[in-house]
$ cat entry-v2.pdb   # PDB, C-alpha atoms and all ligand atoms
ATOM      1  CA  MET A   1     -92.456   1.168-139.892
ATOM      2  CA  ASN A   2     -93.216  -2.548-139.491
ATOM      3  CA  GLN A   3     -96.921  -3.183-138.977
ATOM      4  CA  MET A   4     -96.633  -5.341-135.844
ATOM      5  CA  THR A   5     -94.443  -2.851-133.967
ATOM      6  CA  SER A   6     -96.608   0.015-135.193
ATOM      7  CA  ASP A   7     -99.709  -1.775-133.828
ATOM      8  CA  ASN A   8     -97.938  -2.466-130.541
ATOM      9  CA  LEU A   9     -96.821   1.152-130.136
ATOM     10  CA  ARG A  10    -100.374   2.361-130.790
ATOM     11  CA  SER A  11    -101.669  -0.119-128.254
ATOM     12  CA  ALA A  12     -99.067   0.992-125.701
ATOM     13  CA  PHE A  13     -99.927   4.637-126.429
ATOM     14  CA  GLY A  14    -103.576   3.841-125.673
ATOM     15  CA  GLY A  15    -102.721   2.050-122.442
ATOM     16  CA  GLU A  16    -100.440   4.875-121.254
ATOM     17  CA  SER A  17    -102.997   7.554-122.152
ATOM     18  CA  GLN A  18    -105.666   5.747-120.165
ATOM     19  CA  ALA A  19    -103.338   5.263-117.190
ATOM     20  CA  HIS A  20    -102.592   9.025-117.284
ATOM     21  CA  MET A  21    -106.271   9.865-116.848
ATOM     22  CA  ARG A  22    -107.064   6.990-114.494
ATOM     23  CA  TYR A  23    -104.358   8.105-112.035
ATOM     24  CA  LEU A  24    -105.662  11.690-112.011
ATOM     25  CA  ILE A  25    -109.172  10.438-111.195
ATOM     26  CA  TRP A  26    -107.933   8.069-108.490
ATOM     27  CA  GLY A  27    -105.817  10.919-107.090
ATOM     28  CA  ASP A  28    -108.988  12.940-106.548
ATOM     29  CA  VAL A  29    -110.481   9.964-104.695
ATOM     30  CA  ALA A  30    -107.399   9.714-102.467
ATOM     31  CA  GLU A  31    -107.643  13.414-101.629
ATOM     32  CA  LYS A  32    -111.318  13.027-100.667
ATOM     33  CA  GLU A  33    -110.384  10.079 -98.440
ATOM     34  CA  GLY A  34    -107.789  12.255 -96.648
ATOM     35  CA  PHE A  35    -104.575  10.980 -98.266
ATOM     36  CA  PRO A  36    -102.966  14.081 -99.850
ATOM     37  CA  ASN A  37     -99.569  12.426-100.294
ATOM     38  CA  VAL A  38    -101.164   9.490-102.128
ATOM     39  CA  LYS A  39    -102.816  12.072-104.380
ATOM     40  CA  ARG A  40     -99.377  13.565-105.108
ATOM     41  CA  LEU A  41     -98.030  10.104-105.967
ATOM     42  CA  PHE A  42    -100.953   9.549-108.358
ATOM     43  CA  GLN A  43    -100.291  12.956-109.960
ATOM     44  CA  ALA A  44     -96.566  12.323-110.402
ATOM     45  CA  THR A  45     -97.200   8.861-111.861
ATOM     46  CA  SER A  46     -99.913  10.263-114.128
ATOM     47  CA  ASP A  47     -97.321  12.600-115.617
ATOM     48  CA  ALA A  48     -94.868   9.685-115.923
ATOM     49  CA  GLU A  49     -97.434   7.888-118.094
ATOM     50  CA  ARG A  50     -97.772  11.057-120.179
ATOM     51  CA  VAL A  51     -93.996  10.862-120.758
ATOM     52  CA  HIS A  52     -94.388   7.255-121.924
ATOM     53  CA  ALA A  53     -97.366   8.067-124.172
ATOM     54  CA  THR A  54     -95.358  10.909-125.732
ATOM     55  CA  LEU A  55     -92.288   8.721-126.343
ATOM     56  CA  HIS A  56     -94.450   6.077-128.022
ATOM     57  CA  PHE A  57     -96.313   8.665-130.092
ATOM     58  CA  LYS A  58     -92.999  10.108-131.306
ATOM     59  CA  ALA A  59     -91.656   6.648-132.115
ATOM     60  CA  LEU A  60     -94.776   5.910-134.187
ATOM     61  CA  LYS A  61     -93.951   6.559-137.801
ATOM     62  CA  ASP A  62     -97.298   5.439-139.156
ATOM     63  CA  VAL A  63    -100.383   6.573-137.280
ATOM     64  CA  SER A  64    -102.972   5.322-139.735
ATOM     65  CA  GLY A  65    -105.213   2.339-139.087
ATOM     66  CA  ASP A  66    -107.413   1.262-136.236
ATOM     67  CA  PHE A  67    -106.540   2.290-132.745
ATOM     68  CA  ALA A  68    -106.168  -0.880-130.726
ATOM     69  CA  VAL A  69    -106.252  -0.553-126.957
ATOM     70  CA  THR A  70    -105.134  -3.298-124.608
ATOM     71  CA  SER A  71    -107.342  -4.218-121.713
ATOM     72  CA  MET A  72    -105.726  -3.009-118.534
ATOM     73  CA  ALA A  73    -106.010  -4.069-114.941
ATOM     74  CA  GLY A  74    -107.902  -1.815-112.569
ATOM     75  CA  PHE A  75    -110.876   0.006-114.034
ATOM     76  CA  GLY A  76    -113.580   1.973-112.268
ATOM     77  CA  ILE A  77    -113.457   3.994-109.084
ATOM     78  CA  ASN A  78    -113.231   2.152-105.784
ATOM     79  CA  SER A  79    -111.602   2.920-102.455
ATOM     80  CA  THR A  80    -108.076   4.330-102.581
ATOM     81  CA  SER A  81    -106.710   1.033-101.263
ATOM     82  CA  GLU A  82    -108.422  -0.824-104.137
ATOM     83  CA  ASN A  83    -107.395   1.858-106.627
ATOM     84  CA  LEU A  84    -103.780   1.491-105.515
ATOM     85  CA  GLU A  85    -104.018  -2.289-105.953
ATOM     86  CA  GLY A  86    -105.444  -1.806-109.469
ATOM     87  CA  ALA A  87    -102.743   0.756-110.258
ATOM     88  CA  LYS A  88     -99.999  -1.597-109.042
ATOM     89  CA  ASN A  89    -101.399  -4.535-111.025
ATOM     90  CA  GLY A  90    -101.566  -2.452-114.208
ATOM     91  CA  GLU A  91     -97.902  -1.494-113.753
ATOM     92  CA  ILE A  92     -96.919  -5.129-113.184
ATOM     93  CA  PHE A  93     -98.861  -6.232-116.275
ATOM     94  CA  GLU A  94     -97.062  -3.639-118.395
ATOM     95  CA  SER A  95     -93.548  -4.356-117.105
ATOM     96  CA  THR A  96     -93.764  -8.162-117.022
ATOM     97  CA  GLN A  97     -96.031  -9.010-119.968
ATOM     98  CA  MET A  98     -96.963  -6.200-122.336
ATOM     99  CA  TYR A  99     -93.640  -4.416-122.865
ATOM    100  CA  PRO A 100     -91.399  -7.518-122.903
ATOM    101  CA  ALA A 101     -93.532  -8.965-125.722
ATOM    102  CA  TYR A 102     -93.653  -5.669-127.627
ATOM    103  CA  ILE A 103     -89.896  -5.130-127.200
ATOM    104  CA  ALA A 104     -89.142  -8.629-128.507
ATOM    105  CA  VAL A 105     -91.110  -7.854-131.675
ATOM    106  CA  ALA A 106     -89.528  -4.403-132.101
ATOM    107  CA  GLU A 107     -86.011  -5.825-131.629
ATOM    108  CA  MET A 108     -86.704  -8.555-134.152
ATOM    109  CA  GLN A 109     -87.865  -5.870-136.587
ATOM    110  CA  GLY A 110     -84.892  -3.548-135.956
ATOM    111  CA  GLU A 111     -87.109  -0.715-134.645
ATOM    112  CA  LYS A 112     -84.523   1.045-132.476
ATOM    113  CA  GLU A 113     -86.509   4.097-131.345
ATOM    114  CA  ALA A 114     -89.483   1.923-130.407
ATOM    115  CA  VAL A 115     -87.215  -0.395-128.408
ATOM    116  CA  LYS A 116     -85.714   2.541-126.495
ATOM    117  CA  ALA A 117     -89.094   4.120-125.707
ATOM    118  CA  MET A 118     -90.493   0.831-124.445
ATOM    119  CA  LYS A 119     -87.369  -0.092-122.448
ATOM    120  CA  PHE A 120     -87.573   3.215-120.558
ATOM    121  CA  ALA A 121     -91.241   2.538-119.892
ATOM    122  CA  THR A 122     -90.632  -1.050-118.697
ATOM    123  CA  ALA A 123     -88.051   0.035-116.133
ATOM    124  CA  ALA A 124     -90.209   2.940-114.938
ATOM    125  CA  GLU A 125     -93.348   0.764-114.572
ATOM    126  CA  GLU A 126     -91.445  -1.623-112.306
ATOM    127  CA  VAL A 127     -90.659   1.305-110.022
ATOM    128  CA  HIS A 128     -94.237   2.640-110.214
ATOM    129  CA  ALA A 129     -95.527  -0.730-108.942
ATOM    130  CA  GLU A 130     -93.191  -0.516-105.929
ATOM    131  CA  ARG A 131     -94.235   3.057-105.101
ATOM    132  CA  TYR A 132     -97.916   2.122-105.299
ATOM    133  CA  GLN A 133     -97.313  -0.844-102.978
ATOM    134  CA  THR A 134     -95.655   1.497-100.468
ATOM    135  CA  ALA A 135     -98.693   3.791-100.662
ATOM    136  CA  LYS A 136    -101.121   0.881-100.302
ATOM    137  CA  ASP A 137     -99.310  -0.407 -97.200
ATOM    138  CA  ALA A 138     -99.703   3.035 -95.617
ATOM    139  CA  VAL A 139    -103.361   3.433 -96.581
ATOM    140  CA  ASP A 140    -104.201  -0.087 -95.376
ATOM    141  CA  SER A 141    -102.856   0.859 -91.952
ATOM    142  CA  GLY A 142    -105.035   3.993 -91.965
ATOM    143  CA  LYS A 143    -102.238   6.439 -92.757
ATOM    144  CA  ASP A 144    -101.295   8.658 -95.650
ATOM    145  CA  LEU A 145     -98.149   7.874 -97.624
ATOM    146  CA  ASP A 146     -95.248   9.055 -95.449
ATOM    147  CA  VAL A 147     -93.110  11.037 -97.895
ATOM    148  CA  GLU A 148     -91.956  14.607 -98.309
ATOM    149  CA  LYS A 149     -90.784  14.932-101.872
ATOM    150  CA  ILE A 150     -92.122  12.975-104.816
ATOM    151  CA  LEU A 151     -89.745  13.406-107.760
ATOM    152  CA  LEU A 152     -90.399  12.512-111.396
ATOM    153  CA  CYS A 153     -87.749  12.079-114.095
ATOM    154  CA  PRO A 154     -89.475  13.734-117.075
ATOM    155  CA  VAL A 155     -87.239  11.895-119.540
ATOM    156  CA  CYS A 156     -88.182   8.297-118.718
ATOM    157  CA  GLY A 157     -90.943   8.426-116.084
ATOM    158  CA  TYR A 158     -88.883   7.210-113.110
ATOM    159  CA  ILE A 159     -90.304   8.208-109.714
ATOM    160  CA  THR A 160     -88.441   8.499-106.409
ATOM    161  CA  PHE A 161     -89.153   9.679-102.868
ATOM    162  CA  ASP A 162     -85.394  10.003-102.231
ATOM    163  CA  ASP A 163     -84.140  13.570-102.463
ATOM    164  CA  THR A 164     -80.487  12.438-102.293
ATOM    165  CA  GLU A 165     -80.429  10.683-105.688
ATOM    166  CA  GLU A 166     -78.138  12.652-108.000
ATOM    167  CA  ALA A 167     -79.249  11.156-111.301
ATOM    168  CA  CYS A 168     -81.962   8.957-112.759
ATOM    169  CA  PRO A 169     -80.958   5.274-112.415
ATOM    170  CA  ILE A 170     -82.916   4.407-115.558
ATOM    171  CA  CYS A 171     -81.966   7.045-118.148
ATOM    172  CA  GLY A 172     -79.104   8.894-116.453
ATOM    173  CA  ALA A 173     -80.805  12.317-116.488
ATOM    174  CA  LYS A 174     -79.396  14.707-113.873
ATOM    175  CA  LYS A 175     -81.380  15.516-110.739
ATOM    176  CA  ALA A 176     -81.690  19.148-111.909
ATOM    177  CA  VAL A 177     -84.349  18.126-114.428
ATOM    178  CA  PHE A 178     -86.472  16.174-111.917
ATOM    179  CA  VAL A 179     -89.972  17.562-111.359
ATOM    180  CA  GLU A 180     -91.198  17.801-107.782
ATOM    181  CA  TYR A 181     -94.775  17.037-106.630
TER     182      TYR A 181
HETATM  183 FE   FE2 B   1     -96.161   4.014-118.392
HETATM  184 FE   FE2 B   2     -96.441   3.362-114.797
HETATM  185 FE   FE2 B   3     -85.050   8.974-116.198
END
$ encode --input "entry-v2.pdb" --output "structure tokens"
Amino acid sequence: MNQMTSDNLRSAFGGESQAHMRYLIWGDVAEKEGFPNVKRLFQATSDAERVHATLHFKALKDVSGDFAVTSMAGFGINSTSENLEGAKNGEIFESTQMYPAYIAVAEMQGEKEAVKAMKFATAAEEVHAERYQTAKDAVDSGKDLDVEKILLCPVCGYITFDDTEEACPICGAKKAVFVEY
């Protein structure tokens, strides 16, 4: 595999792995603050990042060399409102800066599997940012996130609160495979 795309995939794997853990920790904070639905959103999105990390790991053909990790927005534990802001900003960074640059390199190098993995992730991160904003708006007005179901597409990491969607708008997976939180 080309070195630059290999480095980028490793970096993206590191970022996704950290986001996976960070969201679990922030979910515990949300629960302590009395926002159980925000906790569920953090859990679902944590698993979405695990999907992305797994796709990148599988696309990596060469796992030797140093493990570079990008600096990500939103570290440390703060209030749930601040955690949600950090979570949203990390998602926006990934979908508007990190992945577009990595995808451009992978396309230039003809790395098809890497391009697919990172395109799924880009589209899912955009949605994650929106869901976190919805949660932050609720928390900032003193309420928990007002949702019943939180559904995760385990193929691409898409998340929806809408139980009437029949298929994933990003990867086309059928609703039957969605995981509920
Ligand atoms: Fe991700
Ligand atoms: Fe995300
Ligand atoms: Fe999907």
$ closest_atom_pairs --input "entry-v2.pdb" --of "chain A" --to "ligand FE2 1 (chain B)" --cutoff "9 Å" --atoms "only C-alpha atoms and all ligand atoms" --output "Markdown table"
| residue | atom | partner | partner_atom | distance |
| --- | --- | --- | --- | --- |
| A:Ala12 | CA | B:FE2_1 | FE | 8.4 |
| A:Phe13 | CA | B:FE2_1 | FE | 8.9 |
| A:Gly15 | CA | B:FE2_1 | FE | 8.0 |
| A:Glu16 | CA | B:FE2_1 | FE | 5.2 |
| A:Ser17 | CA | B:FE2_1 | FE | 8.6 |
| A:Ala19 | CA | B:FE2_1 | FE | 7.4 |
| A:His20 | CA | B:FE2_1 | FE | 8.2 |
| A:Thr45 | CA | B:FE2_1 | FE | 8.2 |
| A:Ser46 | CA | B:FE2_1 | FE | 8.4 |
| A:Ala48 | CA | B:FE2_1 | FE | 6.3 |
| A:Glu49 | CA | B:FE2_1 | FE | 4.1 |
| A:Arg50 | CA | B:FE2_1 | FE | 7.4 |
| A:Val51 | CA | B:FE2_1 | FE | 7.6 |
| A:His52 | CA | B:FE2_1 | FE | 5.1 |
| A:Ala53 | CA | B:FE2_1 | FE | 7.2 |
| A:Glu91 | CA | B:FE2_1 | FE | 7.4 |
| A:Glu94 | CA | B:FE2_1 | FE | 7.7 |
| A:Ser95 | CA | B:FE2_1 | FE | 8.9 |
| A:Met118 | CA | B:FE2_1 | FE | 8.9 |
| A:Phe120 | CA | B:FE2_1 | FE | 8.9 |
| A:Ala121 | CA | B:FE2_1 | FE | 5.4 |
| A:Thr122 | CA | B:FE2_1 | FE | 7.5 |
| A:Ala124 | CA | B:FE2_1 | FE | 7.0 |
| A:Glu125 | CA | B:FE2_1 | FE | 5.8 |
| A:His128 | CA | B:FE2_1 | FE | 8.5 |
| A:Gly157 | CA | B:FE2_1 | FE | 7.2 |
$ resolve_selection --input "entry-v2.pdb" --expression "the PyMOL selection byres (((not hetatm)) within 10 of (chain B and resi 3))" --output "number ranges by chain"
A: 48, 120-121, 123-124, 152-159, 167-175, 177-178
$ resolve_selection --input "entry-v2.pdb" --expression "the PyMOL selection byres (((chain A and resi 36) around 12) and not hetatm)" --output "list in words"
Trp26, Gly27, Asp28, Val29, Ala30, Glu31, Lys32, Glu33, Gly34, Phe35, Asn37, Val38, Lys39, Arg40, Leu41, Phe42, Gln43, Thr80, Ala135, Val139, Lys143, Asp144, Leu145, Asp146, Val147, Glu148, Ile150 and Tyr181 of chain A
$ atom_distance --input "entry-v2.pdb" --atom1 "atom CA of Ile77 of chain A" --atom2 "atom CA of Asp140 of chain A"
17.0 Å
$ closest_residue --input "entry-v2.pdb" --among "A:Asp163, A:Glu85, A:Glu107, A:Glu126" --to "ligand FE2 2 (chain B)" --atoms "only C-alpha atoms and all ligand atoms"
A:Glu126
$ atom_distance --input "entry-v2.pdb" --atom1 "atom CA of Ala59 of chain A" --atom2 "atom CA of Asn2 of chain A"
11.9 Å
$ closest_residue --input "entry-v2.pdb" --among "A:Leu24, A:Ile103, A:His56, A:Glu82" --to "Val115 of chain A" --atoms "only C-alpha atoms"
A:Ile103
